[in-house]
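One file, upload07.txt, carrying compact mmCIF, C-alpha atoms:
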```txt
# COMPACT_ATOMS: atom_id res chain seq x y z
CA MET A 1 -6.03 -8.29 -8.41
CA PRO A 2 -8.43 -5.34 -8.86
CA ALA A 3 -7.19 -1.81 -9.30
CA GLU A 4 -7.32 0.36 -6.20
CA TRP A 5 -9.92 2.70 -7.74
CA GLU A 6 -12.43 -0.13 -8.16
CA PRO A 7 -15.25 -0.16 -5.55
CA HIS A 8 -14.28 -1.01 -1.98
CA GLU A 9 -16.21 -2.78 0.71
CA ALA A 10 -13.82 -1.43 3.34
CA THR A 11 -10.32 -0.28 4.25
CA TRP A 12 -8.17 -2.17 6.78
CA ILE A 13 -5.70 -0.39 9.06
CA ALA A 14 -3.76 -1.24 12.23
CA TRP A 15 -3.93 1.29 15.04
CA PRO A 16 -0.46 2.71 15.82
CA HIS A 17 1.26 1.42 18.94
CA ASN A 18 4.94 0.85 18.16
CA ARG A 19 6.55 3.95 19.64
CA SER A 20 9.95 3.01 18.24
CA ASP A 21 8.63 3.78 14.75
CA TRP A 22 8.07 7.44 15.71
CA PRO A 23 10.62 8.18 18.45
CA GLY A 24 9.83 11.52 20.02
CA LYS A 25 6.75 12.08 17.85
CA PHE A 26 4.42 9.21 18.71
CA ALA A 27 1.88 11.38 20.58
CA ALA A 28 0.80 13.02 17.31
CA ILE A 29 0.35 9.81 15.32
CA PRO A 30 -3.02 8.51 16.64
CA TRP A 31 -4.54 11.89 15.72
CA VAL A 32 -3.24 11.56 12.16
CA TYR A 33 -4.82 8.12 11.96
CA ALA A 34 -8.07 9.52 13.32
CA GLU A 35 -8.17 12.18 10.61
CA ILE A 36 -7.66 9.51 7.95
CA VAL A 37 -10.36 7.28 9.45
CA ARG A 38 -12.73 10.26 9.68
CA HIS A 39 -12.66 10.63 5.90
CA LEU A 40 -12.70 6.92 5.11
CA ALA A 41 -15.67 6.22 7.37
CA ARG A 42 -17.79 8.58 5.26
CA VAL A 43 -17.39 6.47 2.12
CA GLU A 44 -16.72 2.85 3.13
CA GLY A 45 -16.32 0.48 6.05
CA VAL A 46 -13.18 0.61 8.17
CA HIS A 47 -11.58 -2.34 9.97
CA ILE A 48 -9.12 -1.40 12.70
CA LEU A 49 -6.65 -3.87 14.22
CA VAL A 50 -5.74 -3.27 17.87
CA ASN A 51 -3.47 -5.17 20.24
CA ASP A 52 -5.94 -5.57 23.10
CA ALA A 53 -9.07 -4.19 24.74
CA ALA A 54 -7.16 -1.29 26.30
CA ALA A 55 -5.86 -0.27 22.88
CA GLU A 56 -9.39 -0.42 21.46
CA LYS A 57 -10.65 1.84 24.24
CA GLN A 58 -7.85 4.32 23.57
CA ALA A 59 -8.53 4.27 19.82
CA ARG A 60 -12.27 4.77 20.32
CA GLY A 61 -11.55 7.76 22.54
CA VAL A 62 -9.32 9.41 19.94
CA LEU A 63 -11.84 8.73 17.17
CA SER A 64 -14.72 10.10 19.25
CA LYS A 65 -12.85 13.32 20.03
CA SER A 66 -12.06 13.62 16.31
CA ASN A 67 -15.79 13.44 15.44
CA VAL A 68 -15.46 10.12 13.62
CA ALA A 69 -18.73 8.34 12.96
CA ALA A 70 -18.66 4.96 14.71
CA ASP A 71 -21.04 3.32 12.22
CA GLY A 72 -19.17 1.07 9.83
CA ILE A 73 -16.05 0.76 12.00
CA VAL A 74 -15.15 -2.76 13.16
CA PHE A 75 -12.37 -3.42 15.68
CA HIS A 76 -10.35 -6.64 15.73
CA LEU A 77 -8.20 -7.63 18.71
CA TRP A 78 -5.40 -8.93 16.50
CA PRO A 79 -1.93 -7.98 17.81
CA THR A 80 0.53 -6.53 15.30
CA ASN A 81 4.17 -5.51 15.32
CA ARG A 82 3.66 -2.34 13.29
CA GLY A 83 0.94 -0.33 11.63
CA TRP A 84 1.96 -0.66 7.96
CA THR A 85 -1.01 -2.79 6.92
CA ARG A 86 -0.37 -2.34 3.20
CA ASP A 87 2.67 -4.57 3.38
CA TYR A 88 1.43 -7.52 5.44
CA GLY A 89 -2.33 -7.42 4.93
CA ALA A 90 -4.06 -9.93 2.69
CA ILE A 91 -4.23 -9.01 -0.98
CA LEU A 92 -7.81 -9.72 -1.97
CA LEU A 93 -8.69 -10.87 -5.47
CA LYS A 94 -11.80 -11.03 -7.56
CA THR A 95 -12.44 -14.59 -8.70
CA ALA A 96 -14.32 -15.99 -11.67
CA GLY A 97 -16.57 -17.98 -9.35
CA ALA A 98 -17.43 -18.32 -5.68
CA HIS A 99 -14.92 -20.70 -4.07
CA ASN A 100 -15.40 -19.50 -0.53
CA SER A 101 -15.85 -21.79 2.44
CA GLY A 102 -19.19 -20.43 3.58
CA ASN A 103 -21.50 -17.47 3.90
CA SER A 104 -20.19 -13.98 4.54
CA ARG A 105 -20.26 -12.34 7.96
CA ARG A 106 -23.33 -10.41 6.85
CA GLY A 107 -25.37 -13.56 6.29
CA GLN A 108 -25.38 -13.12 2.51
CA ALA A 109 -24.15 -15.46 -0.19
CA ALA A 110 -20.38 -15.91 -0.24
CA ALA A 111 -18.64 -13.07 -2.08
CA PRO A 112 -16.65 -13.87 -5.24
CA LEU A 113 -13.38 -12.90 -3.59
CA ALA A 114 -10.26 -14.78 -2.54
CA ALA A 115 -7.17 -13.92 -0.50
CA VAL A 116 -3.46 -14.26 -1.23
CA ASN A 117 -1.37 -14.65 1.91
CA TRP A 118 2.17 -13.70 0.94
CA GLY A 119 5.03 -14.23 3.32
CA PHE A 120 6.14 -11.19 5.33
CA ASN A 121 9.57 -10.92 6.96
CA GLY A 122 9.80 -7.33 8.18
CA TRP A 123 11.10 -6.00 4.84
CA ALA A 124 14.06 -8.37 5.27
CA LYS A 125 15.36 -5.84 7.77
CA TYR A 126 13.55 -5.86 11.12
CA PRO A 127 13.56 -8.82 13.53
CA ASP A 128 10.01 -8.39 14.87
CA TRP A 129 7.48 -9.39 12.24
CA GLU A 130 5.78 -12.65 13.29
CA LYS A 131 2.54 -11.00 14.46
CA ASP A 132 2.25 -9.02 11.23
CA ASP A 133 2.84 -12.16 9.19
CA GLY A 134 -0.28 -13.74 10.71
CA ILE A 135 -2.71 -10.95 9.82
CA ALA A 136 -3.44 -12.02 6.23
CA SER A 137 -4.56 -15.47 7.31
CA ARG A 138 -6.75 -13.99 10.06
CA THR A 139 -8.34 -11.67 7.51
CA ALA A 140 -9.11 -14.51 5.11
CA LYS A 141 -10.70 -16.55 7.88
CA TYR A 142 -12.76 -13.61 9.13
CA LEU A 143 -14.06 -12.88 5.62
CA ARG A 144 -14.48 -16.63 4.96
CA LEU A 145 -12.44 -16.46 1.80
CA ARG A 146 -10.44 -19.10 0.03
CA GLU A 147 -6.77 -18.49 0.83
CA TRP A 148 -3.60 -19.17 -1.13
CA LYS A 149 -0.05 -19.16 0.25
CA PRO A 150 2.42 -18.93 -2.63
CA PHE A 151 5.39 -21.29 -2.46
CA ILE A 152 8.14 -22.10 -4.93
CA ASN A 153 10.70 -24.91 -4.97
CA ILE A 154 14.31 -23.74 -4.71
CA GLN A 155 16.85 -26.54 -5.10
CA GLY A 156 14.18 -29.07 -4.24
CA LYS A 157 13.00 -27.27 -1.10
CA PRO A 158 9.67 -25.40 -0.83
CA GLN A 159 10.17 -21.71 -0.06
CA ARG A 160 7.36 -19.33 0.82
CA VAL A 161 7.21 -16.32 -1.48
CA VAL A 162 7.59 -12.98 0.31
CA LEU A 163 5.82 -9.92 -1.09
CA GLU A 164 4.76 -6.59 0.40
CA GLY A 165 1.70 -4.78 -0.89
CA GLY A 166 3.61 -1.51 -1.19
CA SER A 167 6.07 -3.08 -3.62
CA ILE A 168 3.46 -3.54 -6.37
CA ASP A 169 0.75 -1.49 -8.08
CA VAL A 170 -1.75 -2.85 -10.62
CA ASN A 171 -4.23 -1.50 -13.16
CA GLY A 172 -6.73 -4.35 -12.67
CA LYS A 173 -6.33 -5.52 -16.26
CA GLY A 174 -3.09 -7.48 -16.01
CA ALA A 175 -0.32 -4.85 -15.79
CA MET A 176 1.77 -4.33 -12.69
CA LEU A 177 4.41 -1.79 -11.63
CA ALA A 178 7.40 -2.79 -9.48
CA THR A 179 11.05 -1.86 -8.97
CA GLU A 180 14.06 -4.04 -9.53
CA GLU A 181 15.69 -2.52 -6.46
CA CYS A 182 13.01 -3.95 -4.19
CA LEU A 183 12.14 -7.30 -5.75
CA LEU A 184 15.37 -8.33 -7.49
CA SER A 185 18.21 -6.84 -5.43
CA ALA A 186 20.25 -8.93 -3.01
CA VAL A 187 20.09 -6.00 -0.56
CA GLN A 188 17.14 -6.71 1.75
CA GLY A 189 16.49 -9.64 -0.55
CA ARG A 190 13.03 -11.00 0.11
CA ASN A 191 13.28 -14.13 -2.00
CA PRO A 192 16.85 -15.43 -2.34
CA GLY A 193 17.20 -17.74 -5.31
CA ILE A 194 14.08 -16.45 -7.09
CA GLY A 195 14.75 -14.40 -10.21
CA ARG A 196 12.80 -12.12 -12.53
CA ALA A 197 11.26 -14.89 -14.65
CA GLU A 198 10.16 -16.90 -11.61
CA LEU A 199 8.58 -13.84 -9.98
CA GLU A 200 6.70 -12.99 -13.16
CA ASP A 201 5.33 -16.55 -13.28
CA ILE A 202 4.24 -16.26 -9.63
CA PHE A 203 2.52 -12.92 -10.26
CA ARG A 204 0.73 -14.40 -13.25
CA GLU A 205 -0.47 -17.39 -11.28
CA TYR A 206 -1.49 -15.66 -8.05
CA LEU A 207 -2.45 -12.12 -9.12
CA GLY A 208 -3.55 -12.51 -12.73
CA VAL A 209 -0.69 -10.24 -13.84
CA THR A 210 0.28 -10.76 -17.47
CA LYS A 211 2.87 -7.98 -17.76
CA VAL A 212 5.27 -6.59 -15.17
CA LEU A 213 6.55 -3.07 -15.83
CA TRP A 214 9.95 -2.99 -14.14
CA LEU A 215 11.28 0.36 -12.98
CA GLU A 216 14.76 0.63 -11.49
CA LYS A 217 14.95 2.33 -8.08
CA GLY A 218 12.92 3.83 -5.27
CA ILE A 219 13.47 7.13 -3.48
CA ALA A 220 15.98 8.35 -0.91
CA GLY A 221 15.10 7.59 2.70
CA ASP A 222 12.94 4.57 1.88
CA ASP A 223 13.93 1.78 4.27
CA THR A 224 11.95 -0.77 2.22
CA HIS A 225 14.65 -0.49 -0.47
CA GLY A 226 12.49 0.57 -3.37
CA HIS A 227 8.74 0.31 -2.83
CA ILE A 228 6.83 1.37 -5.93
CA ASP A 229 4.16 3.33 -4.03
CA ASP A 230 6.59 6.20 -3.49
CA VAL A 231 7.63 6.23 -7.13
CA ALA A 232 4.88 5.53 -9.68
CA ARG A 233 1.18 4.63 -9.50
CA PHE A 234 -1.55 3.66 -11.91
CA VAL A 235 -4.39 6.19 -11.87
CA SER A 236 -6.33 4.54 -14.71
CA GLU A 237 -5.94 1.43 -16.83
CA ASN A 238 -3.47 3.18 -19.14
CA THR A 239 -2.20 6.18 -17.16
CA VAL A 240 0.65 6.28 -14.63
CA VAL A 241 1.74 9.16 -12.41
CA ALA A 242 5.50 9.22 -11.96
CA ALA A 243 7.30 11.12 -9.23
CA VAL A 244 9.92 13.53 -10.61
CA GLU A 245 12.56 15.65 -8.88
CA LYS A 246 13.53 18.82 -10.77
CA ASN A 247 16.51 19.67 -8.56
CA ALA A 248 19.49 18.08 -10.31
CA SER A 249 21.53 18.07 -7.09
CA ASP A 250 18.94 16.01 -5.19
CA PRO A 251 19.72 12.26 -4.90
CA ASN A 252 16.23 11.50 -6.23
CA HIS A 253 16.76 13.39 -9.48
CA LYS A 254 18.56 10.75 -11.54
CA PRO A 255 16.70 7.59 -10.42
CA LEU A 256 13.31 9.25 -10.90
CA ARG A 257 14.38 10.63 -14.27
CA ASP A 258 15.48 7.13 -15.33
CA ASN A 259 12.21 5.63 -14.13
CA LEU A 260 10.25 8.20 -16.12
CA ALA A 261 12.25 7.39 -19.25
CA ARG A 262 11.43 3.71 -18.84
CA LEU A 263 7.74 4.45 -18.39
CA ARG A 264 7.63 6.57 -21.53
CA SER A 265 8.88 3.60 -23.55
CA MET A 266 6.49 1.07 -22.00
CA SER A 267 3.14 -0.30 -23.06
CA ASP A 268 0.34 -1.93 -21.09
CA GLN A 269 -0.81 -5.55 -21.16
CA ASP A 270 -2.55 -4.96 -24.51
CA GLY A 271 0.38 -3.23 -26.16
CA ARG A 272 -0.94 0.32 -25.80
CA ARG A 273 1.65 2.98 -25.01
CA LEU A 274 1.35 4.17 -21.42
CA GLN A 275 0.25 7.71 -20.71
CA THR A 276 2.57 9.27 -18.13
CA VAL A 277 1.93 12.26 -15.89
CA GLU A 278 4.76 13.87 -13.91
CA LEU A 279 4.02 14.26 -10.21
CA PRO A 280 6.34 16.68 -8.37
CA MET A 281 8.24 15.75 -5.26
CA PRO A 282 8.15 17.86 -2.09
CA ALA A 283 11.31 19.51 -0.89
CA PRO A 284 13.42 17.12 1.19
CA VAL A 285 11.86 16.28 4.54
CA VAL A 286 14.61 15.80 7.13
CA PHE A 287 14.22 15.11 10.84
CA LYS A 288 17.08 14.56 13.29
CA GLY A 289 19.45 14.56 10.34
CA GLN A 290 17.61 11.72 8.55
CA ARG A 291 16.16 12.05 5.04
CA LEU A 292 12.59 10.73 5.09
CA PRO A 293 10.72 9.09 2.17
CA ALA A 294 8.27 11.92 1.54
CA SER A 295 6.40 11.51 -1.75
CA TYR A 296 3.03 12.59 -3.05
CA ALA A 297 2.77 9.22 -4.82
CA ASN A 298 1.89 7.60 -1.49
CA PHE A 299 -1.80 8.50 -1.89
CA TYR A 300 -4.70 6.14 -1.24
CA ILE A 301 -7.73 5.78 -3.54
CA ALA A 302 -10.96 5.08 -1.65
CA ASN A 303 -14.62 5.21 -2.65
CA ARG A 304 -15.39 8.73 -3.87
CA LEU A 305 -12.17 10.21 -2.51
CA VAL A 306 -8.38 10.22 -2.70
CA LEU A 307 -6.33 10.85 0.44
CA ALA A 308 -3.00 12.42 -0.48
CA PRO A 309 -0.02 13.23 1.77
CA THR A 310 1.03 16.84 2.20
CA PHE A 311 4.15 18.25 3.86
CA ASN A 312 3.62 22.01 4.32
CA ASP A 313 5.44 22.41 1.02
CA ALA A 314 4.95 24.73 -1.94
CA ASN A 315 4.34 21.70 -4.16
CA ASP A 316 1.45 20.46 -2.00
CA ARG A 317 -1.00 22.54 -4.03
CA ALA A 318 0.43 21.42 -7.38
CA ALA A 319 0.25 17.75 -6.40
CA LEU A 320 -3.31 18.02 -5.07
CA ASN A 321 -4.46 19.88 -8.18
CA MET A 322 -2.87 17.29 -10.43
CA LEU A 323 -4.56 14.43 -8.59
CA ALA A 324 -7.88 16.31 -8.72
CA GLU A 325 -7.59 16.49 -12.49
CA LEU A 326 -6.80 12.78 -12.69
CA PHE A 327 -9.69 11.82 -10.36
CA PRO A 328 -12.50 14.24 -11.33
CA ASP A 329 -15.18 12.02 -9.76
CA ARG A 330 -13.47 11.92 -6.36
CA ASP A 331 -12.74 14.45 -3.66
CA VAL A 332 -8.97 14.83 -3.32
CA ILE A 333 -8.13 15.57 0.31
CA GLY A 334 -4.72 16.50 1.63
CA ILE A 335 -3.59 14.90 4.90
CA TYR A 336 -0.59 16.47 6.62
CA CYS A 337 2.02 13.71 6.93
CA GLY A 338 5.04 15.59 8.24
CA ASP A 339 4.81 13.64 11.51
CA LEU A 340 3.58 10.35 10.03
CA ILE A 341 6.50 10.14 7.59
CA TRP A 342 8.92 9.99 10.54
CA GLY A 343 7.76 6.37 10.76
CA LEU A 344 9.06 5.96 7.16
CA GLY A 345 5.60 5.50 5.67
CA ALA A 346 2.54 7.52 4.73
CA ILE A 347 -1.13 7.02 3.81
CA HIS A 348 -0.83 4.24 1.25
CA CYS A 349 1.54 2.31 3.52
CA MET A 350 -0.98 2.21 6.40
CA THR A 351 -4.06 1.15 4.39
CA GLN A 352 -5.16 -2.00 2.60
CA GLN A 353 -8.36 -2.16 0.58
CA GLU A 354 -11.05 -4.82 0.68
CA PRO A 355 -12.67 -4.89 -2.79
CA ALA A 356 -16.44 -4.83 -2.99
CA PRO A 357 -18.01 -8.19 -3.91
```
In structure tokens, what does this structure look like?
Amino acid sequence: MPAEWEPHEATWIAWPHNRSDWPGKFAAIPWVYAEIVRHLARVEGVHILVNDAAAEKQARGVLSKSNVAADGIVFHLWPTNRGWTRDYGAILLKTAGAHNSGNSRRGQAAAPLAAVNWGFNGWAKYPDWEKDDGIASRTAKYLRLREWKPFINIQGKPQRVVLEGGSIDVNGKGAMLATEECLLSAVQGRNPGIGRAELEDIFREYLGVTKVLWLEKGIAGDDTHGHIDDVARFVSENTVVAAVEKNASDPNHKPLRDNLARLRSMSDQDGRRLQTVELPMPAPVVFKGQRLPASYANFYIANRLVLAPTFNDANDRAALNMLAELFPDRDVIGIYCGDLIWGLGAIHCMTQQEPAP
């Protein structure tokens, strides 16, 4: 699995339509998506999933009014349940050789990529997920890529392995970040009967991961029960940014402090001590009495730019400056996510990269 900062062919997103994800705030969400697409379309292709022709027309109208260049944007009439493409989209791999089933859609030789189609079950929490679970296979077929569906035998019965893209982060060299709370807890358990050792074997076989760096918990308000992309992210092969909360009375203070301590004692796949950079947290974002999972770690690395969430917070500037120092060859652009986060996700959650061949 390549690192996110490696060259992209495109970014995949699903146009927002599920009003229950943003009750009372949905009207603002398509415009947030349009702003994100406006920046992405300058540097790489963008694939947008829509439920039907009417939804495509509506999306095109919003994008046009937002001055988004239409070149390089491809629409797919593939119905979804929700817009969090990171978690159910295909994870695309670089392969040692071309094992694809035919030529690419551009009429060129088949790209040396392959797709892993993990099971998706609505974060083991929501009942409506079947449409989302079919997107990875559709993507693999559209790109004409070889596709794997990971299974494991539990008590003699084959069980599909469930994994969300937001629960892992890789450096492209064999190291992977994840939390025990998300992948090993019985709460919202994705893979009952599968333990740490079995998961590490599966990651080795299907993602080329030789070392899993296990952190403990996610952040308050995260309904995924511990996704790593709100907590810690690789920004280079040997450097990790870790979210930290300075306010000792905040519920995020202790778990993020413990995660940071673990990271400082860890090494990468080659035994080199990790470099850690502390990324501040915004002040708590609360709407209708609910704590929301606002974190600057939910940034997305695209070609020549980084899109980072902001929250009209004093720490916005500090977080953007820190990311600019870590990505000196990319433009770091803040996207206001105070409305988007009401859907319990931000920029990284809604995007999934297609690596360049």
task: Name the residues within 7 Å of (-6.6, -14.9, -0.7), counting only C-alpha atoms in the file's coordinates, and put them as a list of chain:residue names.
output: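 The residues that fall inside the cut-off are A:Ala90, A:Ile91, A:Leu92, A:Leu93, A:Ala114, A:Ala115, A:Val116, A:Asn117, A:Ala140, A:Leu145, A:Arg146, A:Glu147, A:Trp148.
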Test item: residues at most 8 Å from region 223-234 of chain A, all atoms listed in the file, excluding those fewer than 4 positions along its chain, as a ChimeraX atom specification: /A:123,166-171,177-182,187-188,217-219,238-243,256,293-298,344,348
query: If you measure from CA of Glu6 (chain A) to CA of Ile347 (chain A), what distance in Å do you get, rounded to one decimal?
result: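 The value is 17.9 Å.
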task: Counting all atoms listed in the file, figure out which residue out of A:Val68, A:Tyr206, A:Ala302, A:Pro280 gets nearest to Leu320 (chain A).
output: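 Checking each of A:Val68, A:Tyr206, A:Ala302, A:Pro280 against Leu320 (chain A), counting all atoms listed in the file, the winner is A:Pro280.
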- request: Kindly indicate which residue among A:Ala28, A:Leu326, A:Met1, A:Val62 lies nearest to Ala175 (chain A), using all atoms listed in the file for the distances.
  value: A:Met1
